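Source file: final-v2.txt; contents: compact mmCIF, C-alpha atoms.
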# COMPACT_ATOMS: atom_id res chain seq x y z
CA MET A 18 -3.94 116.49 18.14
CA VAL A 19 -5.17 115.34 14.70
CA ASP A 20 -6.57 111.80 14.59
CA ARG A 21 -4.90 110.40 11.46
CA SER A 22 -7.11 107.30 11.53
CA ARG A 23 -10.34 109.31 11.51
CA PRO A 24 -11.70 109.62 7.96
CA LEU A 25 -12.78 112.90 6.46
CA ARG A 26 -16.41 112.14 5.56
CA ILE A 27 -17.87 114.01 2.60
CA ALA A 28 -21.39 113.25 1.39
CA VAL A 29 -22.21 114.14 -2.22
CA ALA A 30 -25.93 114.81 -2.60
CA SER A 31 -28.50 116.43 -4.89
CA GLY A 32 -32.17 117.22 -5.03
CA LYS A 33 -32.90 115.31 -8.22
CA GLY A 34 -31.42 112.39 -10.06
CA GLY A 35 -29.22 113.07 -13.06
CA THR A 36 -27.44 116.14 -11.72
CA GLY A 37 -24.06 114.38 -11.85
CA LYS A 38 -23.50 113.26 -8.24
CA THR A 39 -21.76 110.08 -9.25
CA THR A 40 -19.69 111.88 -11.88
CA VAL A 41 -18.51 114.37 -9.26
CA SER A 42 -17.91 111.62 -6.67
CA THR A 43 -15.88 109.35 -8.94
CA ASN A 44 -13.72 112.10 -10.42
CA LEU A 45 -13.01 113.59 -6.99
CA ALA A 46 -12.19 110.17 -5.55
CA VAL A 47 -9.66 109.36 -8.27
CA HIS A 48 -8.12 112.84 -8.17
CA VAL A 49 -7.54 112.59 -4.40
CA ALA A 50 -6.21 109.01 -4.60
CA ARG A 51 -3.74 110.06 -7.29
CA GLN A 52 -2.35 112.59 -4.80
CA GLY A 53 -1.30 109.63 -2.63
CA ARG A 54 -4.15 109.75 -0.12
CA ARG A 55 -6.30 106.75 0.76
CA VAL A 56 -9.88 107.15 -0.49
CA VAL A 57 -13.01 105.06 -0.09
CA LEU A 58 -15.96 105.76 -2.36
CA ALA A 59 -19.23 104.46 -0.90
CA ASP A 60 -21.92 104.26 -3.59
CA CYS A 61 -25.09 104.44 -1.48
CA ASP A 62 -27.51 104.79 -4.37
CA VAL A 63 -28.29 101.11 -3.76
CA GLU A 64 -31.33 100.95 -6.03
CA GLU A 65 -29.10 101.68 -9.03
CA PRO A 66 -25.39 101.81 -8.11
CA ASN A 67 -23.24 102.99 -11.00
CA ALA A 68 -19.92 104.28 -9.62
CA HIS A 69 -18.36 100.94 -10.60
CA ILE A 70 -19.03 101.58 -14.30
CA SER A 71 -16.19 104.06 -14.64
CA LEU A 72 -13.95 102.79 -11.82
CA CYS A 73 -14.16 98.99 -11.66
CA ASP A 74 -13.80 96.00 -13.94
CA GLY A 75 -15.60 93.65 -11.56
CA PHE A 76 -16.05 92.83 -7.89
CA ASP A 77 -13.62 91.05 -5.58
CA ALA A 78 -16.02 90.30 -2.75
CA GLN A 79 -19.69 90.39 -1.90
CA ARG A 80 -21.60 89.74 1.31
CA ARG A 81 -25.28 89.40 1.98
CA VAL A 82 -27.04 91.96 4.18
CA ASP A 83 -30.02 90.89 6.30
CA VAL A 84 -32.45 92.65 8.63
CA THR A 85 -34.38 91.10 11.49
CA VAL A 86 -38.11 90.52 11.13
CA PRO A 87 -40.57 89.01 13.65
CA GLU A 88 -41.51 85.35 13.51
CA ILE A 89 -44.67 84.36 15.35
CA ASP A 90 -44.96 81.18 17.42
CA GLU A 91 -48.62 80.46 16.73
CA ASP A 92 -48.85 77.96 19.60
CA ALA A 93 -47.71 80.56 22.14
CA CYS A 94 -49.42 83.62 20.61
CA LEU A 95 -52.52 84.85 22.48
CA GLY A 96 -54.11 86.13 19.28
CA GLU A 97 -57.20 88.31 19.59
CA SER A 98 -57.11 88.22 23.38
CA CYS A 99 -53.88 90.28 23.27
CA GLY A 100 -52.98 92.09 20.05
CA ALA A 101 -50.32 94.24 21.75
CA CYS A 102 -47.82 93.80 18.91
CA VAL A 103 -50.36 94.81 16.27
CA GLU A 104 -51.46 97.85 18.24
CA LEU A 105 -47.92 99.10 18.85
CA CYS A 106 -46.46 98.59 15.36
CA ARG A 107 -46.20 102.04 13.77
CA PHE A 108 -45.40 100.57 10.36
CA LYS A 109 -48.43 98.26 10.08
CA ALA A 110 -46.17 95.26 9.57
CA LEU A 111 -48.42 93.13 11.80
CA ILE A 112 -52.18 92.57 11.53
CA LEU A 113 -54.74 90.34 13.22
CA MET A 114 -56.61 88.15 10.78
CA VAL A 115 -58.96 85.31 11.68
CA GLY A 116 -57.60 85.29 15.21
CA GLU A 117 -53.93 85.04 14.16
CA VAL A 118 -51.12 87.57 13.85
CA MET A 119 -49.80 87.90 10.32
CA VAL A 120 -46.44 89.46 9.45
CA PHE A 121 -45.70 91.64 6.40
CA PRO A 122 -41.87 91.50 6.47
CA GLU A 123 -41.41 94.11 3.71
CA LEU A 124 -43.03 96.72 5.97
CA CYS A 125 -40.99 95.84 9.07
CA HIS A 126 -38.36 98.38 10.20
CA ALA A 127 -36.65 95.90 12.56
CA CYS A 128 -37.24 98.07 15.64
CA GLY A 129 -37.89 95.05 17.90
CA LEU A 130 -40.79 96.68 19.77
CA CYS A 131 -43.19 93.83 19.04
CA GLU A 132 -40.80 91.30 20.56
CA GLU A 133 -40.36 93.45 23.67
CA ALA A 134 -44.11 94.00 24.06
CA CYS A 135 -45.26 90.39 23.66
CA PRO A 136 -46.42 89.09 27.06
CA ALA A 137 -46.38 85.48 25.86
CA ASP A 138 -42.83 85.52 24.46
CA ALA A 139 -44.35 84.39 21.17
CA ILE A 140 -42.23 86.59 18.90
CA LYS A 141 -38.70 85.60 17.92
CA PRO A 142 -36.30 87.38 15.53
CA GLY A 143 -36.10 86.01 12.03
CA ILE A 144 -34.07 87.33 9.10
CA ARG A 145 -34.83 88.79 5.70
CA GLU A 146 -32.34 89.54 2.94
CA VAL A 147 -32.33 93.14 1.71
CA GLY A 148 -29.34 93.06 -0.63
CA ALA A 149 -25.57 92.78 -0.78
CA VAL A 150 -22.48 94.91 -0.13
CA ARG A 151 -19.83 94.63 -2.87
CA HIS A 152 -16.14 95.53 -3.10
CA GLY A 153 -15.10 96.81 -6.52
CA ARG A 154 -11.89 95.85 -8.33
CA ILE A 155 -10.25 99.06 -9.57
CA LYS A 156 -9.42 99.25 -13.28
CA SER A 157 -5.68 99.04 -13.88
CA ASN A 158 -5.66 102.09 -16.17
CA ILE A 159 -7.10 104.30 -13.40
CA LEU A 160 -4.82 103.52 -10.48
CA ASP A 161 -2.41 100.85 -9.34
CA SER A 162 -4.71 98.68 -7.25
CA SER A 163 -1.76 97.16 -5.37
CA ALA A 164 -1.13 100.55 -3.74
CA GLY A 165 -4.48 100.26 -1.97
CA LEU A 166 -5.21 103.97 -2.27
CA LEU A 167 -8.68 103.73 -3.85
CA HIS A 168 -11.51 101.48 -2.71
CA VAL A 169 -15.04 101.31 -4.07
CA VAL A 170 -17.85 99.86 -1.97
CA ASP A 171 -21.45 99.75 -3.09
CA GLY A 172 -24.75 98.13 -2.25
CA LEU A 173 -27.09 96.28 -4.58
CA MET A 174 -30.64 96.03 -3.32
CA ARG A 175 -32.60 92.80 -3.69
CA VAL A 176 -35.10 92.88 -6.55
CA GLY A 177 -38.50 93.80 -5.13
CA GLU A 178 -37.09 95.27 -1.92
CA ALA A 179 -38.73 98.55 -0.91
CA MET A 180 -36.63 99.65 2.05
CA SER A 181 -33.05 100.78 1.30
CA PRO A 182 -31.80 102.48 4.54
CA PRO A 183 -30.57 99.22 6.19
CA LEU A 184 -28.43 98.44 3.14
CA ILE A 185 -27.18 102.03 2.90
CA ARG A 186 -26.05 101.85 6.55
CA ALA A 187 -24.24 98.57 5.81
CA VAL A 188 -22.38 100.16 2.86
CA LYS A 189 -21.31 103.12 5.02
CA GLN A 190 -20.13 100.83 7.83
CA GLU A 191 -18.05 98.82 5.37
CA ALA A 192 -16.51 102.00 3.93
CA GLU A 193 -15.69 103.27 7.41
CA ALA A 194 -13.99 100.01 8.34
CA ILE A 195 -11.80 100.15 5.23
CA ALA A 196 -10.96 103.82 5.75
CA ARG A 197 -9.89 103.31 9.36
CA THR A 198 -7.13 100.87 8.42
CA GLU A 199 -3.95 102.44 9.76
CA ASP A 200 -1.35 103.56 7.21
CA GLY A 201 0.38 106.40 9.03
CA GLY A 202 -0.37 108.98 6.31
CA ASP A 203 -2.91 111.75 5.98
CA ALA A 204 -6.40 111.07 7.26
CA PRO A 205 -8.32 108.99 4.69
CA VAL A 206 -11.27 110.42 2.79
CA VAL A 207 -14.68 108.75 2.51
CA PHE A 208 -16.90 110.05 -0.28
CA VAL A 209 -20.52 108.98 0.19
CA ASP A 210 -22.44 109.09 -3.10
CA CYS A 211 -25.96 109.59 -1.68
CA PRO A 212 -29.29 108.66 -3.23
CA PRO A 213 -31.01 111.69 -4.78
CA GLY A 214 -33.88 113.53 -3.13
CA ALA A 215 -34.79 114.36 0.44
CA SER A 216 -36.46 111.19 1.71
CA CYS A 217 -35.25 108.48 4.11
CA PRO A 218 -32.59 106.96 1.77
CA ALA A 219 -30.99 110.37 1.15
CA ILE A 220 -31.06 111.26 4.85
CA THR A 221 -29.45 107.91 5.74
CA GLY A 222 -26.63 108.69 3.31
CA LEU A 223 -26.14 112.19 4.73
CA GLN A 224 -25.97 111.19 8.39
CA GLY A 225 -22.51 111.33 9.93
CA ALA A 226 -20.97 113.53 7.20
CA ASP A 227 -18.48 116.24 8.12
CA LEU A 228 -19.60 118.19 5.05
CA VAL A 229 -22.23 117.81 2.35
CA LEU A 230 -21.31 118.76 -1.20
CA LEU A 231 -24.58 119.59 -2.94
CA VAL A 232 -24.46 119.14 -6.70
CA ALA A 233 -26.80 121.62 -8.39
CA GLU A 234 -28.07 121.70 -11.95
CA PRO A 235 -28.65 125.17 -13.50
CA THR A 236 -32.19 124.50 -14.72
CA ALA A 237 -35.64 125.36 -13.37
CA PHE A 238 -36.30 121.75 -12.35
CA GLY A 239 -32.80 121.36 -10.91
CA PHE A 240 -33.09 124.60 -8.93
CA HIS A 241 -36.45 123.57 -7.43
CA ASP A 242 -35.16 120.21 -6.19
CA PHE A 243 -31.83 121.68 -5.12
CA LYS A 244 -33.69 123.89 -2.64
CA LEU A 245 -35.44 120.81 -1.20
CA ALA A 246 -32.11 119.09 -0.65
CA LEU A 247 -30.63 122.26 0.81
CA GLU A 248 -33.49 122.56 3.32
CA THR A 249 -32.98 118.92 4.32
CA VAL A 250 -29.29 119.49 5.00
CA ARG A 251 -30.10 122.63 6.98
CA VAL A 252 -32.63 120.77 9.14
CA LEU A 253 -30.05 118.05 9.81
CA GLY A 254 -27.55 120.75 10.78
CA ILE A 255 -24.74 119.49 8.55
CA PRO A 256 -22.22 121.99 7.08
CA HIS A 257 -22.61 122.22 3.32
CA ALA A 258 -21.24 123.73 0.14
CA VAL A 259 -22.28 123.69 -3.51
CA VAL A 260 -20.84 122.82 -6.91
CA VAL A 261 -22.78 123.65 -10.07
CA ASN A 262 -22.49 120.86 -12.62
CA ARG A 263 -22.98 121.32 -16.38
CA ALA A 264 -22.75 125.08 -15.93
CA GLY A 265 -23.89 126.99 -19.00
CA MET A 266 -26.66 124.59 -20.02
CA GLY A 267 -29.39 126.65 -18.30
CA ASP A 268 -29.48 129.96 -16.49
CA TYR A 269 -27.88 131.61 -13.45
CA ARG A 270 -30.66 131.31 -10.90
CA VAL A 271 -28.64 128.83 -8.79
CA GLU A 272 -25.61 131.13 -8.60
CA GLU A 273 -27.81 134.13 -7.77
CA TYR A 274 -29.54 132.18 -5.00
CA LEU A 275 -26.21 131.04 -3.51
CA ALA A 276 -24.98 134.62 -3.37
CA GLN A 277 -28.25 135.79 -1.85
CA GLU A 278 -28.16 133.08 0.85
CA SER A 279 -24.37 133.32 1.45
CA ILE A 280 -23.92 129.61 0.76
CA PRO A 281 -20.34 128.46 -0.01
CA TYR A 282 -20.06 128.09 -3.79
CA LEU A 283 -16.92 126.06 -4.48
CA ALA A 284 -16.83 125.59 -8.25
CA SER A 285 -18.70 125.36 -11.51
CA LEU A 286 -18.11 122.47 -13.90
CA PRO A 287 -18.86 123.60 -17.45
CA MET A 288 -21.06 121.71 -19.87
CA SER A 289 -19.25 120.57 -23.01
CA MET A 290 -19.74 118.06 -25.80
CA ASP A 291 -16.35 116.49 -24.97
CA ALA A 292 -17.51 115.87 -21.38
CA ALA A 293 -20.83 114.41 -22.54
CA GLN A 294 -19.11 112.04 -24.97
CA ALA A 295 -16.52 110.96 -22.40
CA GLY A 296 -19.23 110.32 -19.82
CA SER A 297 -21.24 108.23 -22.28
CA ARG A 298 -18.15 106.04 -22.78
CA GLY A 299 -17.74 105.59 -19.02
CA GLU A 300 -14.51 107.59 -18.97
CA LEU A 301 -13.32 109.84 -16.16
CA LEU A 302 -13.68 113.51 -17.05
CA ILE A 303 -10.39 114.37 -15.36
CA ASP A 304 -8.67 112.13 -17.93
CA ALA A 305 -10.72 113.10 -20.97
CA VAL A 306 -11.12 116.88 -20.63
CA ALA A 307 -8.15 119.02 -19.62
CA GLN A 308 -10.28 121.94 -18.48
CA LEU A 309 -12.28 119.70 -16.16
CA ALA A 310 -9.13 118.17 -14.70
CA GLU A 311 -8.15 121.68 -13.59
CA ARG A 312 -11.64 122.42 -12.25
CA TYR A 313 -11.72 119.20 -10.19
CA ALA A 314 -8.30 120.01 -8.71
CA GLU A 315 -9.61 123.44 -7.70
CA LEU A 316 -12.83 121.90 -6.38
CA TRP A 317 -10.95 119.45 -4.16
CA SER A 318 -8.70 122.17 -2.78
CA ALA A 319 -11.71 124.31 -1.84
CA LEU A 320 -13.69 121.32 -0.60
CA GLU A 321 -10.96 120.05 1.71
CA GLN A 322 -10.42 123.50 3.19
CA THR A 323 -14.17 123.99 3.74
CA ALA A 324 -14.50 120.56 5.36
CA GLN A 325 -11.57 121.17 7.72
CA GLU A 326 -13.03 124.53 8.73
CA ALA A 327 -16.37 122.83 9.43
CA ILE A 328 -14.68 120.19 11.60
CA ALA A 329 -12.76 122.86 13.51
CA CYS A 330 -15.96 124.82 14.18
CA ALA A 331 -17.71 121.67 15.43
CA ARG A 332 -15.08 121.02 18.10
The structure in this file should be written as structure tokens.
Amino acid sequence: MVDRSRPLRIAVASGKGGTGKTTVSTNLAVHVARQGRRVVLADCDVEEPNAHISLCDGFDAQRRVDVTVPEIDEDACLGESCGACVELCRFKALILMVGEVMVFPELCHACGLCEEACPADAIKPGIREVGAVRHGRIKSNILDSSAGLLHVVDGLMRVGEAMSPPLIRAVKQEAEAIARTEDGGDAPVVFVDCPPGASCPAITGLQGADLVLLVAEPTAFGFHDFKLALETVRVLGIPHAVVVNRAGMGDYRVEEYLAQESIPYLASLPMSMDAAQAGSRGELLIDAVAQLAERYAELWSALEQTAQEAIACAR
């Protein structure tokens, strides 16, 4: 029996920045919502979220996101005679200096091991702000917001913050909560616009996806970083497929590699001056370029089928 409340989770990822992940995510999200299906777009590129530029005219709500960090009770701490917390911290967030334990909160991963290991019960959980989760207000010319079919959630990292995974997880949890609201229709779709690359932020965005749509750029640089992202997805064991964005601006090495490796190749989105101009104005390509509207419709049809096949194989 199909669980209608369970979202279809599609992560949109790439090896390098600038391949068009957000362009693909936003246009797909609006296309699907216009078909009458509830969609949540989670912009997890929290260092520089930009999905709202083309979809929103502001934000309706915002909440602060905190992580726990250790606070040391200097009166109870055993200092140099113990040092268990310093020795066990893998992230070097604690050091012993002049007989006292010092905390570097920006390095802390909130694992709680130091608190568990302290024999003197001298470590208590404190909090540190990492950023905020925001709910976008959909532009009226894109979709009737009163229908509640399209939601945009993003994260904005605190200036100076170095660790984005906790905020990315908060954005995904918020998107999941919105998507699971019962409406009795088709299963909702969550598009996760991942950070670029293959490091911890990108992996955090990918986790839990039913399918990863890798956006490739047909250039030498794009091909190199695409292969890094592909290897990451393979190691994580997540089903994946590829769309080539700005096709025609480079060469065909991506397409040749996909054929050689038997990787699902769902669509190519051609490069055009009309698309470039529309994107620079913050417009949706499915509204500005007729050819791309057709390509995105074809892409969604192939993407949904591929995702459902991946879910069926996983059962």
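Considering the residues A:Val170, A:Leu228, A:Ala237, A:Ala314 and counting all atoms listed in the file, Ala258 (chain A) has its shortest atom-to-atom contact with A:Leu228.
One finds CA of Asp210 (chain A) at 18.6 Å from CA of Lys244 (chain A).
Relative to CA of Cys211 (chain A), CA of Gly225 (chain A) is found at 12.2 Å.
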With 9 Å as the cut-off and all atoms listed in the file counted, what is the closest atom pair between each nearby residue of region 135-193 of chain A and region 81-95 of chain A? Distances in Å to one decimal, ordered by chain and number, as a Markdown table.
| residue | atom | partner | partner_atom | distance |
| --- | --- | --- | --- | --- |
| A:Cys135 | CA | A:Cys94 | CA | 8.5 |
| A:Pro136 | CA | A:Leu95 | CA | 8.7 |
| A:Ala137 | CA | A:Ala93 | CA | 6.3 |
| A:Asp138 | CA | A:Ala93 | CA | 7.3 |
| A:Ala139 | CA | A:Asp90 | CA | 5.0 |
| A:Ile140 | CA | A:Ile89 | CA | 4.9 |
| A:Lys141 | CA | A:Glu88 | CA | 5.2 |
| A:Pro142 | CA | A:Pro87 | CA | 4.9 |
| A:Gly143 | CA | A:Val86 | CA | 5.0 |
| A:Ile144 | CA | A:Thr85 | CA | 4.5 |
| A:Arg145 | CA | A:Asp83 | CA | 5.3 |
| A:Glu146 | CA | A:Asp83 | CA | 4.3 |
| A:Val147 | CA | A:Asp83 | CA | 5.6 |
| A:Gly148 | CA | A:Val82 | CA | 5.4 |
| A:Ala149 | CA | A:Arg81 | CA | 4.4 |
| A:Val150 | CA | A:Arg81 | CA | 6.5 |
| A:Arg151 | CA | A:Arg81 | CA | 9.0 |
| A:Pro183 | CA | A:Val84 | CA | 7.3 |
| A:Leu184 | CA | A:Val82 | CA | 6.7 |
| A:Ala187 | CA | A:Val82 | CA | 7.4 |
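Straight-line separation from CA of Gly222 (chain A) to CA of Glu132 (chain A): 28.3 Å.
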Residues within 7 Å of region 31-41 of chain A, only C-alpha atoms, excluding chain neighbours under 2 positions, as a list in words: Val29, Thr43, Asn44, Leu45, Ala68, Asp210, Pro213, Gly214, Ala215, Leu231, Val232, Ala233, Glu234, Gly239, Asp242, Phe243, Leu245, Ala246 and Asn262 of chain A
